[in-house]
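A short worksheet on the structure shown next.
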Amino acid sequence: MLKFFLLRVLTTLPVLVLVTFVVFGLVLLIPGDPAVTIAGPDATVAQVAAVRTRLGLDRPMVVQYWDWVTGAMSGDLGTSLFTSRPVATSIGDGLPVTIALASTALLISLIIAVPTAILSALHRGTWLDRVATVGSSLGIALPSFWLGLMFVLVFSLTLGWLPATGYVPISEDPAAWLSHILLPALTLGIAAAAESARQLRGSIIGVLQQDYVRTARAKGLRARMVIGKHVMKNAGVPLVTVLGLQITAMLGGAVLVEQIFGVPGLGQVAINAVTTRDIPVIQGIVLVAVLVAMVSNLLVDLTYGYLNPKVRPR
């Protein structure tokens, strides 16, 4: 496993270098000039030029890229063009909230998907299987923004069980944190649960038909032992791959969900940065999001290698 881990890390480094080129280059293609926005619509050409010089936007692209990369390596992602706050500080305020939201959504998706997939696979072709299949299709098809609005309408405005907006850090009040995070996490986790249940159901059905499962049953092992020890370890391999893709998707989906429920996560920072064309903040957010995705993919590869020794290097 150590050799497998080192190999994965080494293959990640060139991708990270390429990502820095793409992030820096694509952000500069966004229409508009931040110097014009900062100077104001009535500013003269000389005033706009002075702002560009003060911000360092008049320097060659190679110099700007090198300063940005070397600063990022030391944890300095630059300074916001509009708020004058360090980009790392702005991201540090919103990222823990987004990670908490995505992690809770992932946990909810597993709590829903795993029992549903097991029951559906064990009762294949019955009404229970058909209900689970229809539910999975609906969970994938329903837009998250519509689902979030329906949750607010039902559980907040009609029943009054949970707050519609806001966020409380878990360190201040765990109960209040759970009440505020539950609806947005459920909104974000429904689609992931539906896709995970569908993939896991098919994988369990395939594993149940294997000879070693029939042998385990013939020996008189309990169904719980057969499912937990023999079936799930092998059937869970495709689920790990799906979860890796869903983690990245949740980071993007969290931007919309945070807007619906008023959660002060990374999504609000990203939207404000794009609206004002705050280049350092956009670059920092994209870079951090890519790093989170790469780390999650690395963890998925390691888990995959643990569950399936065939993929490890000899």
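Scheme for the structure tokens: letters A, B, ... for chains in order shown; per-chain residue numbers from 1; ligand numbers from 1 in order shown.
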Problem set entry | Spatial neighbours of region 205-209 of chain A, max dist 7 Å, only C-alpha atoms, sep filter under 4 positions, as a list in words |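 Once the nearby chain positions are removed, what remains is Ala121, Arg201, Val213, Val231 and Ala235 of chain A.
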For this session: Apply DSSP to the structure's backbone, then extract all residues of region 43-283 of chain A labelled alpha helix (DSSP H) and return them as a VMD selection string.
Result: chain A and resid 45 to 55 61 to 73 87 to 122 127 to 141 144 to 151 174 to 208 211 to 218 223 to 225 232 to 261 266 to 276 279 to 283
Problem set entry | Within 9 Å of region 176-188 of chain A using only C-alpha atoms, minus same-chain residues under 4 positions, as a VMD selection string | chain A and resid 100 to 106 108 to 109 144 to 145 147 to 148 151 to 152 155 161 to 172 192 250 253 to 254 257 to 258 260 to 261 263
Selected residues written out, C-alpha atoms, as a tab-separated table (two decimals), in the first residue's frame:
chain	number	residue	atom	x	y	z
A	100	ALA	CA	-19.17	20.67	6.79
A	101	LEU	CA	-22.14	20.92	4.43
A	102	ALA	CA	-20.65	18.54	1.85
A	103	SER	CA	-19.52	16.05	4.51
A	104	THR	CA	-22.95	15.98	6.14
A	105	ALA	CA	-24.59	15.57	2.74
A	106	LEU	CA	-22.25	12.68	1.93
A	108	ILE	CA	-26.79	11.43	4.63
A	109	SER	CA	-26.43	9.97	1.14
A	144	SER	CA	-31.53	20.59	-6.24
A	145	PHE	CA	-32.79	24.19	-6.21
A	147	LEU	CA	-35.92	20.36	-3.89
A	148	GLY	CA	-34.38	22.91	-1.55
A	151	PHE	CA	-37.92	21.60	1.86
A	152	VAL	CA	-38.04	25.22	3.01
A	155	PHE	CA	-40.29	21.88	6.92
A	161	TRP	CA	-39.52	22.23	12.41
A	162	LEU	CA	-36.24	23.58	11.04
A	163	PRO	CA	-34.86	27.05	10.27
A	164	ALA	CA	-34.96	28.14	6.65
A	165	THR	CA	-31.72	30.13	6.55
A	166	GLY	CA	-28.61	30.84	8.58
A	167	TYR	CA	-25.73	28.86	10.01
A	168	VAL	CA	-24.32	28.23	13.49
A	169	PRO	CA	-20.80	26.78	13.92
A	170	ILE	CA	-20.77	23.37	15.53
A	171	SER	CA	-18.28	24.62	18.11
A	172	GLU	CA	-20.83	27.15	19.43
A	192	ALA	CA	-25.94	11.53	-4.39
A	250	MET	CA	-21.01	18.42	-4.13
A	253	GLY	CA	-23.64	21.97	-5.95
A	254	ALA	CA	-22.94	23.56	-2.58
A	257	VAL	CA	-27.59	25.23	-2.11
A	258	GLU	CA	-25.76	27.77	0.06
A	260	ILE	CA	-30.97	28.99	-1.16
A	261	PHE	CA	-30.46	28.49	2.57
A	263	VAL	CA	-25.30	29.44	4.37
For this session: For CA of Thr44 (chain A) and CA of Gly25 (chain A), determine how far apart the two atoms are, in Å to one decimal place.
Result: 28.0 Å
Exercise. Which value, in Å to one decimal, gives the distance between CA of Tyr212 (chain A) and CA of Gly236 (chain A)?
Worked result: 16.4 Å
Problem set entry | Among the residues A:Thr248, A:Ser120, A:Leu107, A:Trp127, the one that comes closest to Ala193 (chain A) [using only C-alpha atoms] |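 Counting only C-alpha atoms, the residue closest to Ala193 (chain A) is A:Leu107.
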Exercise. Interatomic distance between CA of Ala113 (chain A) and CA of Lys233 (chain A)?
Worked result: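 Interatomic distance here is 15.5 Å.
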Problem set entry | Given only C-alpha atoms as the counted atoms, nearest of A:Pro86, A:Ala293, A:Ser196, A:Ala50 to Val240 (chain A) |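 Under the stated criterion, the closest residue is A:Ser196.
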Problem set entry | Who sits within 7 Å of region 272-279 of chain A, only C-alpha atoms, same chain under 2 positions skipped, as a ChimeraX atom specification | /A:27,34,80-82,268-270,281-283
Take the residues from that selection and write them out as an mmCIF file, in the first residue's frame, keeping C-alpha atoms.
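Final file, again_28.cif:
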data_model
loop_
_atom_site.group_PDB
_atom_site.id
_atom_site.type_symbol
_atom_site.label_atom_id
_atom_site.label_comp_id
_atom_site.auth_asym_id
_atom_site.auth_seq_id
_atom_site.Cartn_x
_atom_site.Cartn_y
_atom_site.Cartn_z
ATOM 1 C CA VAL A 27 -9.578 33.496 -15.121
ATOM 2 C CA PRO A 34 -11.213 45.027 -12.654
ATOM 3 C CA SER A 80 -8.756 40.839 -2.780
ATOM 4 C CA LEU A 81 -8.941 43.718 -5.242
ATOM 5 C CA PHE A 82 -12.105 45.083 -3.630
ATOM 6 C CA GLN A 268 -21.114 33.192 -1.369
ATOM 7 C CA VAL A 269 -17.465 34.202 -1.616
ATOM 8 C CA ALA A 270 -17.257 32.742 -5.127
ATOM 9 C CA VAL A 281 -10.244 35.526 -5.077
ATOM 10 C CA ILE A 282 -11.500 33.573 -8.103
ATOM 11 C CA GLN A 283 -8.084 32.040 -8.662
#
